[in-house]
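**Student:** As input, take protein_2.txt (compact mmCIF, C-alpha atoms):
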```
# COMPACT_ATOMS: atom_id res chain seq x y z
CA MET A 1 212.36 198.19 -37.55
CA ASN A 2 214.25 198.51 -34.34
CA ARG A 3 216.09 195.33 -33.30
CA THR A 4 217.53 194.61 -29.92
CA SER A 5 221.14 193.53 -30.05
CA GLN A 6 222.36 190.35 -28.28
CA GLY A 7 224.38 192.45 -25.86
CA ALA A 8 221.39 194.57 -24.92
CA ARG A 9 219.19 191.48 -24.33
CA ASP A 10 221.70 189.90 -21.98
CA THR A 11 222.35 193.03 -19.91
CA PRO A 12 221.20 192.22 -16.31
CA PRO A 13 218.85 194.62 -14.56
CA SER A 14 220.37 197.14 -12.23
CA ALA A 15 220.21 196.76 -8.50
CA ASP A 16 217.60 199.49 -8.33
CA ASP A 17 215.25 197.55 -10.61
CA ARG A 18 215.36 194.23 -8.57
CA PRO A 19 212.44 193.47 -6.25
CA SER A 20 213.05 193.73 -2.54
CA LEU A 21 212.64 190.52 -0.52
CA SER A 22 211.12 192.58 2.23
CA GLU A 23 208.14 193.71 0.19
CA ASP A 24 204.63 192.79 1.34
CA ARG A 25 203.92 190.68 -1.69
CA TYR A 26 206.23 187.99 -0.29
CA ARG A 27 204.28 187.71 2.92
CA ARG A 28 201.81 184.87 3.36
CA GLY A 29 198.39 185.57 1.98
CA THR A 30 199.35 188.48 -0.26
CA ARG A 31 198.77 188.38 -3.96
CA ARG A 32 201.60 187.28 -6.20
CA THR A 33 202.38 189.28 -9.31
CA GLY A 34 203.78 187.95 -12.59
CA ALA A 35 207.38 186.75 -12.69
CA GLU A 36 207.51 186.56 -8.92
CA PRO A 37 208.66 183.34 -7.18
CA LEU A 38 206.22 181.04 -5.44
CA ALA A 39 206.06 181.34 -1.67
CA ALA A 40 204.83 178.20 0.12
CA SER A 41 203.37 178.58 3.55
CA TRP A 42 204.62 176.34 6.40
CA GLU A 43 201.23 176.73 8.02
CA PRO A 44 198.51 176.53 5.34
CA THR A 45 195.49 178.59 6.17
CA GLY A 46 192.13 177.01 6.75
CA ARG A 47 193.63 173.79 8.18
CA ARG A 48 193.50 172.99 11.85
CA ARG A 49 196.68 171.55 13.33
CA ARG A 50 196.19 168.26 15.15
CA LYS A 51 197.90 167.67 18.42
CA ARG A 52 200.80 165.23 17.97
CA ARG A 53 200.56 162.06 20.05
CA ARG A 54 203.50 160.82 22.04
CA GLY A 55 204.73 157.36 23.00
CA VAL A 56 203.71 154.06 21.41
CA LYS A 57 200.32 155.35 20.33
CA GLY A 58 202.04 158.17 18.50
CA LEU A 59 204.34 155.74 16.68
CA VAL A 60 201.42 153.51 15.73
CA ALA A 61 199.43 156.50 14.51
CA GLY A 62 202.37 157.81 12.50
CA TYR A 63 203.70 154.58 11.00
CA GLY A 64 200.75 152.17 11.06
CA TRP A 65 201.56 148.47 10.33
CA ARG A 66 205.19 149.27 9.63
CA ILE A 67 205.87 149.74 13.34
CA TYR A 68 205.10 146.00 13.87
CA ALA A 69 207.41 144.89 11.05
CA ILE A 70 210.52 146.50 12.56
CA PRO A 71 211.11 143.96 15.42
CA VAL A 72 210.36 141.08 13.07
CA LEU A 73 212.98 142.33 10.60
CA LEU A 74 215.49 142.79 13.43
CA VAL A 75 215.03 139.17 14.57
CA LEU A 76 215.37 137.82 11.01
CA THR A 77 218.51 139.88 10.44
CA ALA A 78 220.08 138.53 13.65
CA LEU A 79 219.32 134.93 12.61
CA VAL A 80 220.90 135.43 9.17
CA VAL A 81 224.04 136.92 10.73
CA LEU A 82 224.37 134.03 13.20
CA ASP A 83 223.84 131.42 10.47
CA THR A 84 226.49 133.03 8.27
CA ALA A 85 229.05 133.25 11.06
CA ALA A 86 228.56 129.67 12.33
CA PRO A 87 230.81 126.93 10.78
CA SER A 88 229.07 124.79 8.16
CA THR A 89 228.76 121.13 9.05
CA GLY A 90 226.89 118.23 7.58
CA ALA A 91 225.58 115.36 9.62
CA GLY A 92 228.67 114.21 11.43
CA GLY A 93 230.62 116.54 9.18
CA ASP A 94 233.89 118.37 9.36
CA PRO A 95 233.47 121.95 10.66
CA GLY A 96 234.11 124.60 8.06
CA THR A 97 233.95 122.29 5.06
CA GLY A 98 230.52 120.71 5.15
CA GLN A 99 232.17 117.43 4.23
CA PRO A 100 231.70 114.20 6.17
CA ALA A 101 234.25 113.83 8.91
CA ILE A 102 236.84 111.09 8.61
CA ALA A 103 236.37 108.52 11.33
CA GLN A 104 239.33 108.36 13.66
CA SER A 105 240.43 105.06 15.14
CA THR A 106 240.34 104.93 18.91
CA THR A 107 242.42 101.78 19.19
CA THR A 108 246.14 101.30 18.88
CA SER A 109 248.18 98.18 18.39
CA ALA A 110 251.84 97.38 18.75
CA GLY A 111 251.71 95.14 15.67
CA PRO A 112 249.43 94.03 12.82
CA PRO A 113 245.92 92.95 13.80
CA GLU A 114 245.41 89.28 14.47
CA ALA A 115 243.50 87.23 11.95
CA THR A 116 239.87 86.84 12.86
CA GLU A 117 236.93 84.90 11.50
CA LYS A 118 234.39 87.44 12.76
CA PRO A 119 232.73 89.42 9.96
CA PRO A 120 232.23 93.16 10.44
CA ALA A 121 228.87 93.81 12.05
CA ASP A 122 227.81 96.49 9.56
CA ILE A 123 228.12 94.32 6.43
CA ASP A 124 225.22 92.24 5.14
CA LEU A 125 227.18 89.21 3.92
CA LYS A 126 224.20 87.87 2.00
CA ASN A 127 222.87 90.91 0.17
CA PHE A 128 225.65 93.52 0.19
CA PRO A 129 227.79 93.75 -3.02
CA THR A 130 230.87 92.44 -1.20
CA ALA A 131 233.00 92.02 -4.34
CA GLN A 132 233.57 95.76 -4.59
CA LEU A 133 237.06 96.94 -3.68
CA PRO A 134 236.90 98.79 -0.35
CA ASP A 135 237.80 102.45 -0.16
CA GLY A 136 241.33 103.18 0.95
CA PRO A 137 244.81 104.33 -0.08
CA LYS A 138 246.07 104.50 -3.63
CA PHE A 139 247.73 101.41 -5.11
CA SER A 140 250.01 100.69 -8.05
CA GLU A 141 248.05 100.20 -11.26
CA GLN A 142 250.73 99.65 -13.92
CA GLY A 143 254.16 98.06 -13.62
CA ALA A 144 256.90 96.85 -15.93
CA GLY A 145 255.84 93.20 -16.05
CA THR A 146 259.20 92.16 -14.63
CA PHE A 147 259.88 91.03 -11.08
CA ALA A 148 262.70 91.39 -8.55
CA VAL A 149 263.20 88.47 -6.17
CA ILE A 150 263.68 89.43 -2.53
CA PRO A 151 266.76 87.61 -1.16
CA GLY A 152 266.27 85.31 1.81
CA THR A 153 265.70 81.75 2.92
CA THR A 154 263.84 79.92 5.70
CA PRO A 155 264.12 76.51 7.29
CA GLN A 156 261.61 73.91 6.16
CA VAL A 157 258.27 74.14 7.98
CA GLY A 158 255.87 71.24 8.16
CA SER A 159 256.70 67.57 7.95
CA GLY A 160 253.91 66.02 5.91
CA GLY A 161 253.23 65.79 2.20
CA LYS A 162 255.34 67.21 -0.58
CA LEU A 163 258.00 69.87 0.09
CA TYR A 164 257.20 73.06 -1.85
CA ARG A 165 260.10 75.43 -2.47
CA TYR A 166 259.17 79.06 -3.02
CA GLN A 167 260.54 82.56 -3.55
CA ILE A 168 259.07 86.01 -2.95
CA ALA A 169 259.19 88.87 -5.46
CA VAL A 170 257.83 92.35 -6.15
CA GLU A 171 256.99 93.61 -9.63
CA ASP A 172 259.12 96.47 -10.92
CA GLY A 173 256.86 99.51 -10.74
CA VAL A 174 255.02 98.63 -7.54
CA GLU A 175 255.23 101.72 -5.34
CA PRO A 176 257.02 101.25 -1.98
CA ALA A 177 253.90 102.52 -0.18
CA ASP A 178 252.11 99.31 -1.24
CA TYR A 179 254.42 97.26 0.99
CA ASN A 180 255.10 99.97 3.59
CA GLY A 181 258.46 100.77 2.02
CA ASP A 182 260.07 97.58 3.32
CA ARG A 183 260.42 94.59 0.98
CA ASP A 184 261.99 92.44 3.66
CA ALA A 185 259.00 93.08 5.93
CA PHE A 186 256.68 92.04 3.07
CA ALA A 187 258.69 88.83 2.68
CA ARG A 188 258.57 88.12 6.43
CA THR A 189 254.78 88.51 6.33
CA VAL A 190 254.50 85.89 3.58
CA ASP A 191 256.91 83.55 5.38
CA GLY A 192 254.92 83.89 8.60
CA ILE A 193 251.63 83.07 6.87
CA LEU A 194 252.99 79.93 5.22
CA ALA A 195 254.66 78.79 8.47
CA ASP A 196 251.47 79.16 10.53
CA PRO A 197 250.26 75.72 11.71
CA ARG A 198 246.72 76.72 10.63
CA SER A 199 248.00 77.16 7.05
CA TRP A 200 248.68 74.38 4.55
CA ILE A 201 251.45 72.80 6.60
CA GLY A 202 248.79 72.05 9.24
CA THR A 203 246.72 69.98 6.80
CA GLY A 204 249.45 67.40 6.23
CA GLN A 205 249.27 68.10 2.47
CA ALA A 206 252.52 70.04 2.21
CA SER A 207 255.63 71.43 3.85
CA MET A 208 257.22 74.73 2.84
CA GLN A 209 260.66 76.25 2.46
CA ARG A 210 261.81 79.57 1.04
CA VAL A 211 264.90 79.31 -1.16
CA GLU A 212 267.03 81.61 -3.29
CA GLY A 213 268.13 79.27 -6.05
CA GLU A 214 266.30 77.17 -8.60
CA PRO A 215 264.24 75.09 -8.92
CA VAL A 216 261.15 76.53 -7.25
CA ASP A 217 257.53 75.43 -7.22
CA PHE A 218 256.06 78.93 -6.98
CA VAL A 219 256.94 82.60 -6.53
CA VAL A 220 254.68 84.77 -4.36
CA SER A 221 254.63 88.01 -6.39
CA LEU A 222 253.18 91.39 -5.36
CA THR A 223 251.80 92.66 -8.67
CA THR A 224 250.20 95.82 -10.08
CA THR A 225 246.57 95.68 -11.17
CA GLY A 226 247.44 96.06 -14.87
CA THR A 227 249.81 93.09 -14.85
CA THR A 228 247.39 91.12 -12.67
CA HIS A 229 244.65 91.56 -15.27
CA ALA A 230 247.05 90.49 -18.03
CA LEU A 231 248.06 87.31 -16.16
CA CYS A 232 244.78 86.40 -14.43
CA GLY A 233 242.17 87.75 -16.83
CA PHE A 234 239.38 90.15 -15.87
CA GLN A 235 236.13 88.41 -16.85
CA ILE A 236 234.66 89.14 -13.43
CA GLN A 237 234.97 92.92 -13.24
CA PHE A 238 236.32 93.02 -9.68
CA GLU A 239 239.90 92.97 -8.42
CA SER A 240 241.28 89.54 -7.49
CA SER A 241 244.51 87.56 -7.37
CA CYS A 242 245.37 84.23 -9.01
CA TRP A 243 247.77 81.33 -9.51
CA HIS A 244 249.44 81.64 -12.94
CA SER A 245 250.84 78.19 -13.63
CA GLY A 246 252.65 79.24 -16.81
CA THR A 247 255.04 81.50 -14.89
CA LYS A 248 254.70 79.66 -11.54
CA ARG A 249 253.56 82.90 -9.95
CA VAL A 250 251.16 83.34 -7.08
CA VAL A 251 249.93 86.72 -8.36
CA ILE A 252 248.94 88.91 -5.40
CA ASN A 253 247.02 91.94 -6.65
CA ALA A 254 248.41 95.15 -5.12
CA ALA A 255 244.89 96.61 -5.02
CA ARG A 256 243.71 93.82 -2.73
CA TRP A 257 246.93 93.74 -0.70
CA VAL A 258 246.51 97.44 0.06
CA ARG A 259 242.72 97.56 0.60
CA GLY A 260 241.58 94.03 1.42
CA ALA A 261 238.00 92.86 0.91
CA LYS A 262 234.58 93.99 2.12
CA VAL A 263 233.82 90.84 4.10
CA TYR A 264 237.00 91.31 6.17
CA GLY A 265 236.20 94.91 7.05
CA ASN A 266 239.27 96.70 8.35
CA ASP A 267 241.08 93.47 9.29
CA ILE A 268 243.65 93.80 6.52
CA SER A 269 246.00 91.29 8.17
CA ALA A 270 243.37 88.54 8.09
CA TYR A 271 242.57 89.26 4.45
CA ARG A 272 246.24 89.09 3.42
CA THR A 273 246.52 85.75 5.20
CA TYR A 274 243.51 84.54 3.25
CA ALA A 275 244.88 85.77 -0.09
CA ILE A 276 248.22 83.97 0.33
CA ASN A 277 246.63 80.74 1.57
CA HIS A 278 243.95 80.74 -1.14
CA GLU A 279 246.35 81.19 -4.06
CA VAL A 280 248.94 78.77 -2.65
CA GLY A 281 246.02 76.35 -2.31
CA HIS A 282 245.76 76.43 -6.11
CA VAL A 283 249.48 75.56 -6.30
CA LEU A 284 248.54 72.46 -4.30
CA ARG A 285 245.82 71.73 -6.92
CA ASN A 286 242.86 72.65 -4.73
CA PRO A 287 239.85 74.00 -6.70
CA HIS A 288 237.35 76.67 -5.70
CA GLU A 289 234.66 75.73 -3.20
CA GLY A 290 231.44 77.16 -1.89
CA CYS A 291 230.07 77.60 1.61
CA LYS A 292 229.42 74.17 3.13
CA GLU A 293 227.36 75.00 6.21
CA ASN A 294 225.29 78.08 6.89
CA GLY A 295 226.87 80.42 9.46
CA LYS A 296 230.13 78.45 9.69
CA ALA A 297 233.64 79.44 8.61
CA ALA A 298 234.05 79.61 4.83
CA PRO A 299 236.49 77.20 3.18
CA VAL A 300 239.78 78.98 2.41
CA MET A 301 239.26 77.94 -1.23
CA MET A 302 236.02 79.93 -1.42
CA GLN A 303 236.39 83.16 -3.42
CA GLN A 304 236.17 85.33 -0.33
CA SER A 305 237.54 88.37 -2.15
CA PHE A 306 234.10 88.44 -3.77
CA GLY A 307 232.06 87.31 -0.79
CA VAL A 308 230.98 84.42 1.43
CA ALA A 309 227.38 84.06 0.19
CA ASN A 310 226.99 81.22 -2.30
CA ASP A 311 224.21 82.92 -4.28
CA TYR A 312 226.27 86.07 -4.80
CA VAL A 313 229.53 84.30 -5.70
CA ALA A 314 227.70 81.94 -8.05
CA GLN A 315 226.12 84.90 -9.80
CA LEU A 316 229.55 86.46 -10.39
CA ASN A 317 230.99 83.15 -11.62
CA SER A 318 228.24 82.82 -14.23
CA VAL A 319 230.29 85.04 -16.58
CA ASP A 320 233.54 83.09 -16.03
CA SER A 321 233.69 79.81 -17.93
CA SER A 322 236.48 78.44 -15.72
CA ASN A 323 234.47 78.96 -12.51
CA ARG A 324 230.88 78.78 -13.73
CA TYR A 325 230.02 75.67 -11.70
CA ALA A 326 232.44 76.14 -8.81
CA VAL A 327 229.77 77.36 -6.38
CA GLU A 328 226.16 76.24 -6.11
CA ALA A 329 223.54 78.95 -5.60
CA ASN A 330 221.89 77.30 -2.61
CA GLY A 331 221.40 80.22 -0.23
CA LEU A 332 224.18 79.24 2.19
CA VAL A 333 226.18 82.06 3.79
CA CYS A 334 229.45 81.53 5.68
CA THR A 335 231.73 83.76 7.74
CA PRO A 336 235.20 84.89 6.56
CA ASN A 337 238.05 82.48 7.28
CA PRO A 338 241.72 82.97 6.23
CA PHE A 339 243.10 79.49 7.02
CA PRO A 340 242.91 76.00 5.47
CA VAL A 341 242.58 74.56 8.97
CA ALA A 342 239.19 76.06 9.75
CA PRO A 343 238.25 76.79 13.39
CA GLN A 344 235.92 74.26 14.96
```
Since I need it in another form, could you write the structure as structure tokens?

**Tutor:**
Amino acid sequence: MNRTSQGARDTPPSADDRPSLSEDRYRRGTRRTGAEPLAASWEPTGRRRRKRRRGVKGLVAGYGWRIYAIPVLLVLTALVVLDTAAPSTGAGGDPGTGQPAIAQSTTTSAGPPEATEKPPADIDLKNFPTAQLPDGPKFSEQGAGTFAVIPGTTPQVGSGGKLYRYQIAVEDGVEPADYNGDRDAFARTVDGILADPRSWIGTGQASMQRVEGEPVDFVVSLTTTGTTHALCGFQIQFESSCWHSGTKRVVINAARWVRGAKVYGNDISAYRTYAINHEVGHVLRNPHEGCKENGKAAPVMMQQSFGVANDYVAQLNSVDSSNRYAVEANGLVCTPNPFPVAPQ
């Protein structure tokens, strides 16, 4: 048997044996022989060429419904690009962040705001949960439990009643930001409140004098929240201050000193006046009171840190055995008032 070797099978045909591309069998319509390549005609026979339309009709005929989708897609694409490029803002928001913008104050003052008995217009004093601590700056939460007395004295103010001698102190661990970095300024604020004729010296119950040596009747003490809770208790789960008779301290909660109370709005000066007068009122043995007349100024001994609506304050006091019956739930609602001598 004759076998073809691998080399013989792979030998390419000579140039003389290759078909010529110019032969007739490669022309359209001629018969194709075996092993010859296919030849497709650009103009198939037997089919009549249609005349191509021009203009819009030609586009519609060629592309059908797709021609109408093109402008719609172009408009949608433009809208997406514009929406992506524009800064993101929420309602009243900060451009570029989508977060609510921080309201900027349009008023300036050369000094602290004056105390006012007008409640903020946007607070519902009867139904709003006014005991909540307002939003605001950070405050000192944990201190050492020891206090540093701020040096200084004042002349006696007031001429009636008992003379009460006092000092002013700041707990070790209270951050300077809580008293604006100036302890002397904090002390002057307290002195000014107690010397105001609308404060306790104006009631005829007491006169006041700041002293450096012993004995003293009370020490006004700016205190961290942790130490405040330890001294005052925390049965009502909202920040407050207190009079701690065991240590003779008027405990002023740093959280409230920094942020105030809801019913006072942004009038932090008025709230601080209230806080000092209320707690010193306990030094003078004055108990808590409720609102006496609807729509009138609240008694300074009302728990205005929590609110000025009797129903709401009474509800909070229901969990505190020492204050459970201090306020009657009778529907009366007062307005904030920081002084013992209430405006007429």

**Student:** Looking at all atoms listed in the file, which of A:Pro338, A:Gly145, A:Gly202, A:Gly213 is the one that sits closest to Thr273 in chain A?

**Tutor:**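 Closest residue, counting all atoms listed in the file: A:Pro338.
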
**Student:** With 12 Å as the cut-off and all atoms listed in the file counted, what is the closest atom pair between each nearby residue of range 251-305 of chain A and range 183-193 of chain A? Distances in Å to one decimal, ordered by chain and number, as a tab-separated table.

**Tutor:**
```
residue	atom	partner	partner_atom	distance
A:Ile252	CA	A:Val190	CA	11.0
A:Trp257	CA	A:Phe186	CA	10.6
A:Val258	CA	A:Phe186	CA	11.9
A:Ser269	CA	A:Thr189	CA	9.4
A:Ala270	CA	A:Ile193	CA	10.0
A:Tyr271	CA	A:Ile193	CA	11.2
A:Arg272	CA	A:Ile193	CA	8.8
A:Thr273	CA	A:Ile193	CA	6.0
A:Tyr274	CA	A:Ile193	CA	9.0
A:Ala275	CA	A:Ile193	CA	10.1
A:Ile276	CA	A:Val190	CA	7.3
A:Asn277	CA	A:Ile193	CA	7.6
A:His278	CA	A:Ile193	CA	11.3
A:Val280	CA	A:Ile193	CA	10.8
```

**Student:** Looking at A:Leu76, A:Ala314, A:Ala230, A:Ile201, which one is nearest to Gly143 in chain A, with distances taken over all atoms listed in the file?

**Tutor:**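 Between A:Leu76, A:Ala314, A:Ala230, A:Ile201, the residue approaching Gly143 in chain A most closely is A:Ala230.
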
**Student:** Would you mind telling me which residue in A:Asp135, A:Glu279, A:Glu141, A:Glu175 lies nearest to Thr225 in chain A when using all atoms listed in the file?

**Tutor:**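 Smallest distance to Thr225 in chain A is found for A:Glu141.
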
**Student:** When you draw a straight line from CA of Ala177 in chain A to CA of Ser240 in chain A, how long is it in Å?

**Tutor:**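 Result for CA of Ala177 in chain A versus CA of Ser240 in chain A: 19.5 Å, one decimal.
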
**Student:** If you count all atoms listed in the file, which residues fall within 10 Å of Thr146 in chain A, apart from same-chain ones fewer than 4 positions away, as a PyMOL selection string?

**Tutor:** chain A and resi 169-173+223+227

**Student:** Grab the CA of Ser322 in chain A to CA of Tyr264 in chain A distance for me, in Å with one decimal place.

**Tutor:** 25.4 Å

**Student:** Using Å and a single decimal, report how far CA of Asn317 in chain A sits from CA of Lys248 in chain A.

**Tutor:**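 Atom-to-atom, CA of Lys248 in chain A to CA of Asn317 in chain A, that is 24.0 Å.
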
**Student:** With range 215-219 of chain A as the partner and 7 Å as the cut-off, tabulate the residues of range 146-182 of chain A that qualify, each row holding the nearest pair of atoms and their distance in Å to one decimal, using all atoms listed in the file, sorted by chain and rising number, as a Markdown table.

**Tutor:**
```
| residue | atom | partner | partner_atom | distance |
| --- | --- | --- | --- | --- |
| A:Tyr164 | CA | A:Asp217 | CA | 5.9 |
| A:Arg165 | CA | A:Val216 | CA | 5.0 |
| A:Tyr166 | CA | A:Phe218 | CA | 5.0 |
| A:Gln167 | CA | A:Val219 | CA | 4.7 |
| A:Ile168 | CA | A:Val219 | CA | 5.4 |
| A:Ala169 | CA | A:Val219 | CA | 6.7 |
```

**Student:** Using only C-alpha atoms, find all polymer residues with an atom at most 12 Å away from the point (243.5, 106.7, -1.1); report them as a ChimeraX atom specification.

**Tutor:** /A:133-140,177-178,255,258-259

**Student:** Keeping only C-alpha atoms, write the selected residues as a tab-separated table (two decimals), in the frame of the given file.

**Tutor:**
```tsv
chain	number	residue	atom	x	y	z
A	133	LEU	CA	237.06	96.94	-3.68
A	134	PRO	CA	236.90	98.79	-0.35
A	135	ASP	CA	237.80	102.45	-0.16
A	136	GLY	CA	241.33	103.18	0.95
A	137	PRO	CA	244.81	104.33	-0.08
A	138	LYS	CA	246.07	104.50	-3.63
A	139	PHE	CA	247.73	101.41	-5.11
A	140	SER	CA	250.01	100.69	-8.05
A	177	ALA	CA	253.90	102.52	-0.18
A	178	ASP	CA	252.11	99.31	-1.24
A	255	ALA	CA	244.89	96.61	-5.02
A	258	VAL	CA	246.51	97.44	0.06
A	259	ARG	CA	242.72	97.56	0.60
```

**Student:** Please determine, counting only C-alpha atoms, which residue among A:Ser207, A:Ser199, A:Ser305, A:Thr130 has the shortest atom-to-atom distance to Ile268 in chain A.

**Tutor:**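 For Ile268 in chain A, the nearest of the given residues is A:Ser305.
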
**Student:** Determine the nearest neighbour of Val341 in chain A from the options A:Thr153, A:Gln205, A:Gln132, A:Ser245, counting all atoms listed in the file.

**Tutor:**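 Looking only at the distances to Val341 in chain A, the closest residue turns out to be A:Gln205.
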
**Student:** Using 6 Å of padding on each side, determine the axis-aligned box around all atoms of range 195-205 of chain A present in the file and give its centre and edge lengths in Å to one decimal, as AutoDock Vina command-line options.

**Tutor:**
```
--center_x 250.7 --center_y 73.3 --center_z 7.1 --size_x 19.9 --size_y 23.8 --size_z 21.2
```

**Student:** Give me, as a PyMOL selection string, all polymer residues having an atom no more than 9 Å from Ala326 in chain A, counting all atoms listed in the file and skipping those fewer than 2 positions away in the same chain.

**Tutor:** chain A and resi 287-290+314+317+322-324+328
